[in-house]
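Structure file entry-v9.cif (mmCIF, N, CA, C and O atoms) is printed below.
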data_data
#
loop_
_atom_site.label_atom_id
_atom_site.label_comp_id
_atom_site.auth_asym_id
_atom_site.auth_seq_id
_atom_site.Cartn_x
_atom_site.Cartn_y
_atom_site.Cartn_z
N MET A 1 -79.19 18.37 8.85
CA MET A 1 -79.52 17.55 10.00
C MET A 1 -79.20 18.32 11.28
O MET A 1 -78.15 18.92 11.41
N SER A 2 -80.11 18.30 12.22
CA SER A 2 -79.93 19.00 13.49
C SER A 2 -79.08 18.18 14.44
O SER A 2 -79.12 16.96 14.43
N HIS A 3 -78.32 18.89 15.25
CA HIS A 3 -77.52 18.23 16.28
C HIS A 3 -78.14 18.55 17.63
O HIS A 3 -78.34 19.70 17.98
N TYR A 4 -78.50 17.53 18.38
CA TYR A 4 -79.07 17.71 19.70
C TYR A 4 -78.09 17.18 20.74
O TYR A 4 -77.49 16.14 20.55
N GLN A 5 -77.95 17.91 21.82
CA GLN A 5 -77.13 17.46 22.93
C GLN A 5 -78.06 16.89 23.99
O GLN A 5 -79.06 17.51 24.34
N THR A 6 -77.74 15.72 24.47
CA THR A 6 -78.53 15.09 25.50
C THR A 6 -77.69 14.93 26.75
O THR A 6 -76.56 14.45 26.68
N ASP A 7 -78.24 15.35 27.87
CA ASP A 7 -77.57 15.18 29.15
C ASP A 7 -78.47 14.35 30.04
O ASP A 7 -79.68 14.49 30.04
N LEU A 8 -77.87 13.48 30.82
CA LEU A 8 -78.60 12.63 31.74
C LEU A 8 -78.23 13.05 33.16
O LEU A 8 -77.05 13.24 33.47
N TYR A 9 -79.23 13.22 34.01
CA TYR A 9 -79.01 13.65 35.38
C TYR A 9 -79.61 12.64 36.35
O TYR A 9 -80.66 12.07 36.08
N LEU A 10 -78.96 12.45 37.46
CA LEU A 10 -79.49 11.63 38.54
C LEU A 10 -80.01 12.58 39.61
O LEU A 10 -79.29 13.46 40.07
N ILE A 11 -81.26 12.42 39.97
CA ILE A 11 -81.88 13.28 40.97
C ILE A 11 -81.96 12.52 42.28
O ILE A 11 -82.46 11.40 42.33
N THR A 12 -81.46 13.13 43.35
CA THR A 12 -81.51 12.54 44.68
C THR A 12 -82.35 13.43 45.57
O THR A 12 -82.11 14.63 45.65
N CYS A 13 -83.33 12.87 46.23
CA CYS A 13 -84.20 13.63 47.13
C CYS A 13 -83.49 13.85 48.46
O CYS A 13 -82.99 12.90 49.06
N LEU A 14 -83.44 15.09 48.89
CA LEU A 14 -82.87 15.41 50.18
C LEU A 14 -83.96 15.49 51.25
O LEU A 14 -83.66 15.47 52.43
N THR A 15 -85.19 15.61 50.83
CA THR A 15 -86.34 15.63 51.73
C THR A 15 -87.39 14.68 51.17
O THR A 15 -87.22 14.13 50.09
N ASN A 16 -88.48 14.52 51.88
CA ASN A 16 -89.56 13.65 51.40
C ASN A 16 -90.11 14.16 50.08
O ASN A 16 -90.23 15.37 49.88
N LEU A 17 -90.47 13.24 49.19
CA LEU A 17 -91.03 13.60 47.89
C LEU A 17 -92.25 12.74 47.63
O LEU A 17 -92.22 11.53 47.86
N HIS A 18 -93.31 13.37 47.15
CA HIS A 18 -94.49 12.62 46.72
C HIS A 18 -94.97 13.25 45.43
O HIS A 18 -95.60 14.30 45.44
N ALA A 19 -94.61 12.63 44.30
CA ALA A 19 -95.10 13.08 43.00
C ALA A 19 -96.40 12.34 42.74
O ALA A 19 -96.39 11.19 42.33
N GLY A 20 -97.51 13.00 43.00
CA GLY A 20 -98.81 12.35 42.90
C GLY A 20 -99.26 12.17 41.46
O GLY A 20 -98.91 12.94 40.58
N SER A 21 -100.04 11.13 41.24
CA SER A 21 -100.55 10.84 39.90
C SER A 21 -101.80 11.63 39.58
O SER A 21 -102.23 11.68 38.44
N GLY A 22 -102.42 12.23 40.58
CA GLY A 22 -103.67 12.95 40.37
C GLY A 22 -104.89 12.08 40.52
O GLY A 22 -106.02 12.56 40.48
N ASP A 23 -104.69 10.77 40.69
CA ASP A 23 -105.82 9.85 40.86
C ASP A 23 -106.27 9.82 42.31
O ASP A 23 -105.45 9.84 43.22
N GLU A 24 -107.55 9.77 42.52
CA GLU A 24 -108.12 9.62 43.87
C GLU A 24 -108.30 8.14 44.14
O GLU A 24 -108.77 7.39 43.28
N ASN A 25 -107.93 7.69 45.33
CA ASN A 25 -108.20 6.28 45.66
C ASN A 25 -108.98 6.14 46.95
O ASN A 25 -109.40 5.05 47.29
N TYR A 26 -109.18 7.23 47.67
CA TYR A 26 -109.98 7.25 48.89
C TYR A 26 -109.55 6.18 49.89
O TYR A 26 -110.35 5.65 50.62
N GLY A 27 -108.27 5.86 49.90
CA GLY A 27 -107.74 4.89 50.84
C GLY A 27 -106.90 5.57 51.89
O GLY A 27 -107.16 6.71 52.28
N ILE A 28 -105.88 4.89 52.34
CA ILE A 28 -105.00 5.41 53.37
C ILE A 28 -104.19 6.59 52.84
O ILE A 28 -103.97 7.57 53.51
N VAL A 29 -103.74 6.49 51.56
CA VAL A 29 -102.95 7.55 50.94
C VAL A 29 -103.89 8.44 50.14
O VAL A 29 -104.73 7.94 49.39
N ASP A 30 -103.76 9.78 50.31
CA ASP A 30 -104.64 10.70 49.60
C ASP A 30 -104.48 10.61 48.09
O ASP A 30 -105.45 10.57 47.36
N LYS A 31 -103.26 10.63 47.61
CA LYS A 31 -102.99 10.59 46.17
C LYS A 31 -101.99 9.47 45.90
O LYS A 31 -101.00 9.31 46.60
N THR A 32 -102.24 8.71 44.84
CA THR A 32 -101.31 7.65 44.47
C THR A 32 -100.08 8.25 43.80
O THR A 32 -100.12 9.35 43.27
N VAL A 33 -98.99 7.51 43.82
CA VAL A 33 -97.71 7.97 43.29
C VAL A 33 -97.67 7.75 41.78
O VAL A 33 -98.20 6.75 41.27
N GLN A 34 -97.00 8.67 41.05
CA GLN A 34 -96.79 8.49 39.62
C GLN A 34 -95.97 7.23 39.40
O GLN A 34 -94.98 7.00 40.09
N ARG A 35 -96.39 6.40 38.45
CA ARG A 35 -95.68 5.16 38.17
C ARG A 35 -95.51 4.97 36.68
O ARG A 35 -96.34 5.39 35.89
N ASP A 36 -94.42 4.29 36.32
CA ASP A 36 -94.17 3.91 34.94
C ASP A 36 -95.17 2.83 34.56
O ASP A 36 -95.27 1.82 35.25
N PRO A 37 -95.93 3.02 33.47
CA PRO A 37 -96.94 2.01 33.13
C PRO A 37 -96.34 0.65 32.76
O PRO A 37 -96.98 -0.38 32.97
N ALA A 38 -95.11 0.62 32.24
CA ALA A 38 -94.51 -0.65 31.83
C ALA A 38 -93.94 -1.43 33.01
O ALA A 38 -94.10 -2.64 33.10
N SER A 39 -93.27 -0.73 33.94
CA SER A 39 -92.59 -1.43 35.03
C SER A 39 -93.27 -1.26 36.38
O SER A 39 -92.91 -1.94 37.34
N SER A 40 -94.21 -0.35 36.49
CA SER A 40 -94.88 0.00 37.75
C SER A 40 -93.92 0.59 38.79
O SER A 40 -94.27 0.72 39.95
N MET A 41 -92.73 0.98 38.36
CA MET A 41 -91.78 1.64 39.26
C MET A 41 -92.18 3.10 39.43
O MET A 41 -92.69 3.72 38.49
N PRO A 42 -91.96 3.68 40.62
CA PRO A 42 -92.26 5.10 40.80
C PRO A 42 -91.41 5.96 39.86
O PRO A 42 -90.24 5.66 39.62
N VAL A 43 -92.02 7.00 39.31
CA VAL A 43 -91.32 7.92 38.41
C VAL A 43 -91.74 9.35 38.73
O VAL A 43 -92.72 9.57 39.45
N ILE A 44 -91.01 10.28 38.20
CA ILE A 44 -91.41 11.69 38.20
C ILE A 44 -91.63 12.04 36.74
O ILE A 44 -90.69 12.05 35.94
N HIS A 45 -92.87 12.32 36.35
CA HIS A 45 -93.17 12.66 34.97
C HIS A 45 -92.47 13.96 34.58
O HIS A 45 -92.25 14.84 35.42
N ALA A 46 -92.11 14.06 33.31
CA ALA A 46 -91.38 15.22 32.81
C ALA A 46 -92.11 16.53 33.12
O ALA A 46 -91.49 17.53 33.47
N SER A 47 -93.43 16.54 33.01
CA SER A 47 -94.19 17.76 33.27
C SER A 47 -94.06 18.20 34.73
O SER A 47 -94.00 19.39 35.03
N SER A 48 -94.01 17.23 35.64
CA SER A 48 -93.83 17.56 37.07
C SER A 48 -92.45 18.13 37.31
O SER A 48 -92.28 19.12 38.03
N LEU A 49 -91.44 17.50 36.72
CA LEU A 49 -90.06 17.96 36.88
C LEU A 49 -89.88 19.34 36.27
O LEU A 49 -89.29 20.23 36.86
N LYS A 50 -90.42 19.53 35.07
CA LYS A 50 -90.30 20.82 34.38
C LYS A 50 -90.98 21.92 35.19
O LYS A 50 -90.43 23.01 35.34
N GLY A 51 -92.15 21.66 35.74
CA GLY A 51 -92.85 22.65 36.54
C GLY A 51 -92.09 23.02 37.80
O GLY A 51 -92.00 24.20 38.16
N ALA A 52 -91.53 22.03 38.46
CA ALA A 52 -90.75 22.30 39.68
C ALA A 52 -89.49 23.09 39.36
O ALA A 52 -89.14 24.03 40.08
N MET A 53 -88.83 22.72 38.27
CA MET A 53 -87.60 23.45 37.89
C MET A 53 -87.92 24.88 37.47
O MET A 53 -87.19 25.81 37.81
N ARG A 54 -89.02 25.06 36.74
CA ARG A 54 -89.40 26.41 36.33
C ARG A 54 -89.69 27.29 37.55
O ARG A 54 -89.26 28.43 37.63
N GLU A 55 -90.43 26.74 38.51
CA GLU A 55 -90.75 27.50 39.71
C GLU A 55 -89.48 27.90 40.46
O GLU A 55 -89.35 29.03 40.93
N PHE A 56 -88.52 26.98 40.56
CA PHE A 56 -87.26 27.28 41.24
C PHE A 56 -86.50 28.37 40.50
O PHE A 56 -86.03 29.34 41.11
N ILE A 57 -86.36 28.24 39.18
CA ILE A 57 -85.59 29.22 38.41
C ILE A 57 -86.29 30.57 38.37
O ILE A 57 -85.65 31.61 38.40
N GLU A 58 -87.64 30.58 38.33
CA GLU A 58 -88.34 31.86 38.38
C GLU A 58 -88.14 32.56 39.73
O GLU A 58 -88.25 33.77 39.82
N GLY A 59 -87.83 31.79 40.78
CA GLY A 59 -87.48 32.41 42.06
C GLY A 59 -86.15 33.15 41.98
O GLY A 59 -85.95 34.16 42.64
N LEU A 60 -85.25 32.66 41.13
CA LEU A 60 -83.96 33.31 40.93
C LEU A 60 -84.04 34.44 39.90
O LEU A 60 -83.31 35.41 39.97
N HIS A 61 -84.94 34.27 38.92
CA HIS A 61 -85.13 35.24 37.84
C HIS A 61 -86.62 35.55 37.74
O HIS A 61 -87.29 35.07 36.83
N PRO A 62 -87.17 36.32 38.69
CA PRO A 62 -88.62 36.52 38.73
C PRO A 62 -89.13 37.30 37.51
O PRO A 62 -88.41 38.11 36.94
N PRO A 63 -90.38 37.03 37.13
CA PRO A 63 -90.97 37.78 36.01
C PRO A 63 -91.24 39.22 36.39
O PRO A 63 -91.44 39.54 37.56
N ASP A 64 -91.21 40.10 35.40
CA ASP A 64 -91.54 41.51 35.60
C ASP A 64 -93.06 41.63 35.59
O ASP A 64 -93.70 41.31 34.60
N GLN A 65 -93.62 42.05 36.70
CA GLN A 65 -95.07 42.17 36.80
C GLN A 65 -95.51 43.62 36.91
O GLN A 65 -96.63 43.92 37.30
N SER A 66 -94.62 44.54 36.52
CA SER A 66 -94.97 45.95 36.58
C SER A 66 -95.99 46.27 35.48
O SER A 66 -96.09 45.56 34.48
N ASN A 67 -96.73 47.32 35.66
CA ASN A 67 -97.75 47.77 34.71
C ASN A 67 -98.84 46.73 34.50
O ASN A 67 -99.50 46.72 33.47
N GLY A 68 -98.99 45.79 35.41
CA GLY A 68 -100.04 44.78 35.30
C GLY A 68 -99.77 43.71 34.26
O GLY A 68 -100.63 42.89 33.99
N ASN A 69 -98.59 43.71 33.66
CA ASN A 69 -98.23 42.69 32.67
C ASN A 69 -97.30 41.67 33.29
O ASN A 69 -96.55 41.97 34.19
N TRP A 70 -97.36 40.45 32.79
CA TRP A 70 -96.47 39.38 33.24
C TRP A 70 -95.46 39.18 32.13
O TRP A 70 -95.79 38.69 31.06
N ILE A 71 -94.21 39.57 32.36
CA ILE A 71 -93.17 39.43 31.34
C ILE A 71 -92.10 38.49 31.88
O ILE A 71 -91.41 38.80 32.85
N THR A 72 -91.97 37.34 31.24
CA THR A 72 -91.03 36.32 31.67
C THR A 72 -89.60 36.76 31.39
O THR A 72 -89.31 37.32 30.34
N ASP A 73 -88.71 36.48 32.33
CA ASP A 73 -87.29 36.75 32.14
C ASP A 73 -86.81 36.03 30.87
O ASP A 73 -87.21 34.90 30.61
N PRO A 74 -85.97 36.67 30.04
CA PRO A 74 -85.54 36.05 28.78
C PRO A 74 -84.88 34.68 28.94
O PRO A 74 -85.09 33.79 28.11
N LEU A 75 -84.09 34.47 29.99
CA LEU A 75 -83.46 33.17 30.22
C LEU A 75 -84.52 32.10 30.49
O LEU A 75 -84.48 31.02 29.90
N VAL A 76 -85.48 32.42 31.35
CA VAL A 76 -86.56 31.48 31.67
C VAL A 76 -87.39 31.18 30.42
O VAL A 76 -87.73 30.04 30.14
N LYS A 77 -87.68 32.22 29.63
CA LYS A 77 -88.46 32.04 28.41
C LYS A 77 -87.71 31.15 27.42
O LYS A 77 -88.30 30.30 26.76
N HIS A 78 -86.39 31.32 27.32
CA HIS A 78 -85.59 30.50 26.40
C HIS A 78 -85.65 29.02 26.80
O HIS A 78 -85.80 28.14 25.95
N ILE A 79 -85.54 28.74 28.09
CA ILE A 79 -85.53 27.35 28.56
C ILE A 79 -86.94 26.75 28.55
O ILE A 79 -87.14 25.66 28.02
N PHE A 80 -87.91 27.45 29.13
CA PHE A 80 -89.23 26.87 29.39
C PHE A 80 -90.34 27.37 28.47
O PHE A 80 -91.40 26.78 28.42
N GLY A 81 -90.13 28.49 27.78
CA GLY A 81 -91.19 29.10 26.98
C GLY A 81 -91.92 30.14 27.80
O GLY A 81 -91.60 30.41 28.95
N THR A 82 -92.94 30.74 27.19
CA THR A 82 -93.69 31.78 27.89
C THR A 82 -94.55 31.18 29.00
O THR A 82 -94.95 30.02 28.94
N HIS A 83 -94.81 31.98 29.99
CA HIS A 83 -95.66 31.58 31.11
C HIS A 83 -97.11 31.74 30.69
O HIS A 83 -97.44 32.65 29.92
N PRO A 84 -98.01 30.87 31.15
CA PRO A 84 -99.43 31.00 30.76
C PRO A 84 -100.03 32.36 31.09
O PRO A 84 -100.95 32.81 30.42
N LYS A 85 -99.51 33.05 32.11
CA LYS A 85 -100.04 34.37 32.47
C LYS A 85 -99.54 35.47 31.55
O LYS A 85 -100.06 36.57 31.57
N GLU A 86 -98.49 35.16 30.77
CA GLU A 86 -97.88 36.19 29.93
C GLU A 86 -98.71 36.40 28.67
O GLU A 86 -99.10 35.46 27.99
N LYS A 87 -98.97 37.65 28.34
CA LYS A 87 -99.71 38.02 27.14
C LYS A 87 -98.78 38.83 26.25
O LYS A 87 -98.15 39.78 26.70
N ASN A 88 -98.70 38.46 24.98
CA ASN A 88 -97.91 39.20 24.01
C ASN A 88 -98.86 39.95 23.09
O ASN A 88 -99.40 39.37 22.16
N PRO A 89 -99.08 41.23 23.34
CA PRO A 89 -100.03 41.97 22.52
C PRO A 89 -99.56 42.03 21.06
O PRO A 89 -98.37 42.10 20.78
N GLY A 90 -100.54 41.97 20.16
CA GLY A 90 -100.23 42.10 18.74
C GLY A 90 -99.83 40.80 18.06
O GLY A 90 -99.49 40.81 16.89
N THR A 91 -99.85 39.68 18.79
CA THR A 91 -99.50 38.41 18.16
C THR A 91 -100.70 37.48 18.20
O THR A 91 -101.53 37.55 19.10
N GLN A 92 -100.79 36.61 17.21
CA GLN A 92 -101.89 35.66 17.15
C GLN A 92 -101.73 34.60 18.25
O GLN A 92 -102.68 34.23 18.91
N ASN A 93 -100.52 34.08 18.40
CA ASN A 93 -100.27 33.02 19.38
C ASN A 93 -99.44 33.61 20.52
O ASN A 93 -98.28 33.94 20.33
N ALA A 94 -100.05 33.74 21.69
CA ALA A 94 -99.37 34.38 22.81
C ALA A 94 -98.31 33.48 23.44
O ALA A 94 -97.44 33.94 24.13
N SER A 95 -98.38 32.16 23.19
CA SER A 95 -97.42 31.27 23.84
C SER A 95 -96.24 30.96 22.92
O SER A 95 -96.37 30.94 21.70
N GLU A 96 -95.10 30.75 23.54
CA GLU A 96 -93.87 30.43 22.83
C GLU A 96 -93.24 29.23 23.51
O GLU A 96 -93.09 29.21 24.73
N GLN A 97 -92.88 28.20 22.74
CA GLN A 97 -92.27 27.01 23.32
C GLN A 97 -90.84 27.28 23.76
O GLN A 97 -90.14 28.07 23.15
N GLY A 98 -90.42 26.57 24.81
CA GLY A 98 -89.04 26.66 25.26
C GLY A 98 -88.13 25.81 24.37
O GLY A 98 -88.59 25.00 23.58
N HIS A 99 -86.84 26.02 24.53
CA HIS A 99 -85.85 25.32 23.71
C HIS A 99 -85.33 24.04 24.36
O HIS A 99 -84.57 23.32 23.75
N TYR A 100 -85.71 23.77 25.60
CA TYR A 100 -85.27 22.57 26.30
C TYR A 100 -86.40 21.58 26.42
O TYR A 100 -87.54 21.96 26.58
N ARG A 101 -86.08 20.31 26.35
CA ARG A 101 -87.07 19.23 26.49
C ARG A 101 -86.76 18.43 27.75
O ARG A 101 -85.61 18.17 28.05
N PHE A 102 -87.80 18.03 28.45
CA PHE A 102 -87.65 17.30 29.71
C PHE A 102 -88.21 15.92 29.56
O PHE A 102 -89.17 15.70 28.86
#

So, in terms of structure tokens, how does the structure I just supplied come out?
Amino acid sequence: MSHYQTDLYLITCLTNLHAGSGDENYGIVDKTVQRDPASSMPVIHASSLKGAMREFIEGLHPPDQSNGNWITDPLVKHIFGTHPKEKNPGTQNASEQGHYRF
């Protein structure tokens, strides 16, 4: 049986935040806010949070782009998996899943 550690974090916005749902409504607001379908409360979907965190961490641990290749830093790859731009020559599946779930 596998043992998983779960941590819960509270996120506080220090600046304005608009996590858009991607839906067009052509009204006063350009993009509607992501909402929980059960409660209609505003949420930040895991994919949005994961993308923002990956971008921040890649700023601290940038990928190696020398020789025209995109090579993800090992720490970033462990947490998030391979970057879509990264190509692993000689393998059938170029993408690798990260070890963390959001």

inquiry  = Could you list, as a PyMOL selection string, every residue within 8 Å of segment 78-83 of chain A, counting all atoms listed in the file and ignoring same-chain residues fewer than 5 positions away?
reply    = chain A and resi 50+54+70-73+88+94-102

request  = Step one, run DSSP on the backbone; step two, keep only residues of segment 30-87 of chain A assigned to alpha helix (DSSP H); then write them as a ChimeraX atom specification.
outcome  = /A:46-60,74-80

d(atom CA of Pro84 of chain A, atom CA of Leu17 of chain A) in Å =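 Those two atoms sit 25.8 Å apart.
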
request  = Do a neighbour search on Ser48 of chain A at 10 Å with only C-alpha atoms, toss out local chain neighbours closer than 3 positions, and write the hits as an NGL selection string.
outcome  = :A and (19-21 or 34 or 44-45 or 51-54 or 102)

Box dimensions and centre (Å, one decimal) enclosing segment 34-46 of chain A, axis-aligned, 6 Å extra per side, as lines of an AutoDock Vina configuration file:
center_x = -93.6
center_y = 7.4
center_z = 36.4
size_x = 18.8
size_y = 32.2
size_z = 21.2

key: atom O of Cys13 of chain A to atom CA of Val76 of chain A, straight-line distance in Å   = 25.7 Å
